[in-house]
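The structure appears below as structure tokens.
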Amino acid sequence: MPEVHLLDYGAGNVRRDKPVVHTVEKWSQMGVVATISYTKLRNALHALGCTIIDIKKPEDIEDAKLLIFPGVGAFGAAMKRLEEFKLTDALRSYVKARKPFLGVCLGMQLLFEGSTESPGVK
């Protein structure tokens with residue numbers, strides 16, 4: 001079975017059973033709504049025959065052959081959580097090494113140098 005490492009950094013809803021619905025304020029007038037269910041992500045990976053390994057510490061990232069980085073929430077708060085768990089350097093090294101990576105929503109945004117959502121946070 002293929003192993004998939006799922007980054008669980010305690011922000012967002014990696015283990016939530018109900019879908020998380022976000023309406024971006026400036027887009028709400030256009031009716032844009034994004035629905036993300038991490039239970040569905042986990043179930044889909046299981047259905048594909050994947051073994052899910054939850055990442056909780058930097059060393060787990062170094063061992064990953066395929067990393068999925070889901071995310072829900074605000075850029076600043078999520079970066080703070082990554083830093084608290086000391087995951088930022090390991091995550092940057094993993095991506096710079098061009099290893100297989102999938103960033104979902106905030107998980108992709110957190111790879112940028114910063115965000116207008118949280119000025120000054122890097």
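The chains in the structure tokens are called A, B, ... from first to last as shown; in each chain the residues are counted from 1, and the ligands are counted from 1 in the order shown.
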Each residue of stretch 41-60 of chain A with at least one atom at most 12 Å from stretch 83-96 of chain A should appear once, together with its nearest atom pair and the corresponding distance in Å (one decimal); atoms considered: only C-alpha atoms; ordering: chain, then increasing residue number; output as CSV.
residue,atom,partner,partner_atom,distance
A:Ile55,CA,A:Leu87,CA,9.5
A:Lys56,CA,A:Phe85,CA,7.8
A:Lys57,CA,A:Leu87,CA,6.6
A:Pro58,CA,A:Leu87,CA,5.2
A:Glu59,CA,A:Ala90,CA,7.7
A:Asp60,CA,A:Ala90,CA,9.0
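Across A:Phe75, A:Ser115, A:Leu45, A:Leu110, the tightest approach to A:His5 is made by A:Leu45 when counting only C-alpha atoms.
Between atom CA of A:Thr51 and atom CA of A:Ala74 lies a distance of 28.8 Å.
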With distances taken over only C-alpha atoms, which residue among A:Leu67, A:Met1, A:Ala78, A:Leu6 lies nearest A:Glu117? A:Ala78
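Of the residues under consideration (A:Phe69, A:Val4, A:Asp63, A:Gly49), A:Phe69 shows the shortest atom-to-atom contact distance to A:Leu82 when counting only C-alpha atoms.
The gap separating atom CA of A:Met108 from atom CA of A:Ile52 is 19.4 Å, in Å to one decimal.
The coordinates place atom CA of A:Ala97 at 26.5 Å from atom CA of A:His46.
Distance annotation: of A:Asn43, A:Ile61, A:Asp8, A:Asp54, the residue with the minimal separation from A:Phe101 is A:Ile61; atom set is only C-alpha atoms.
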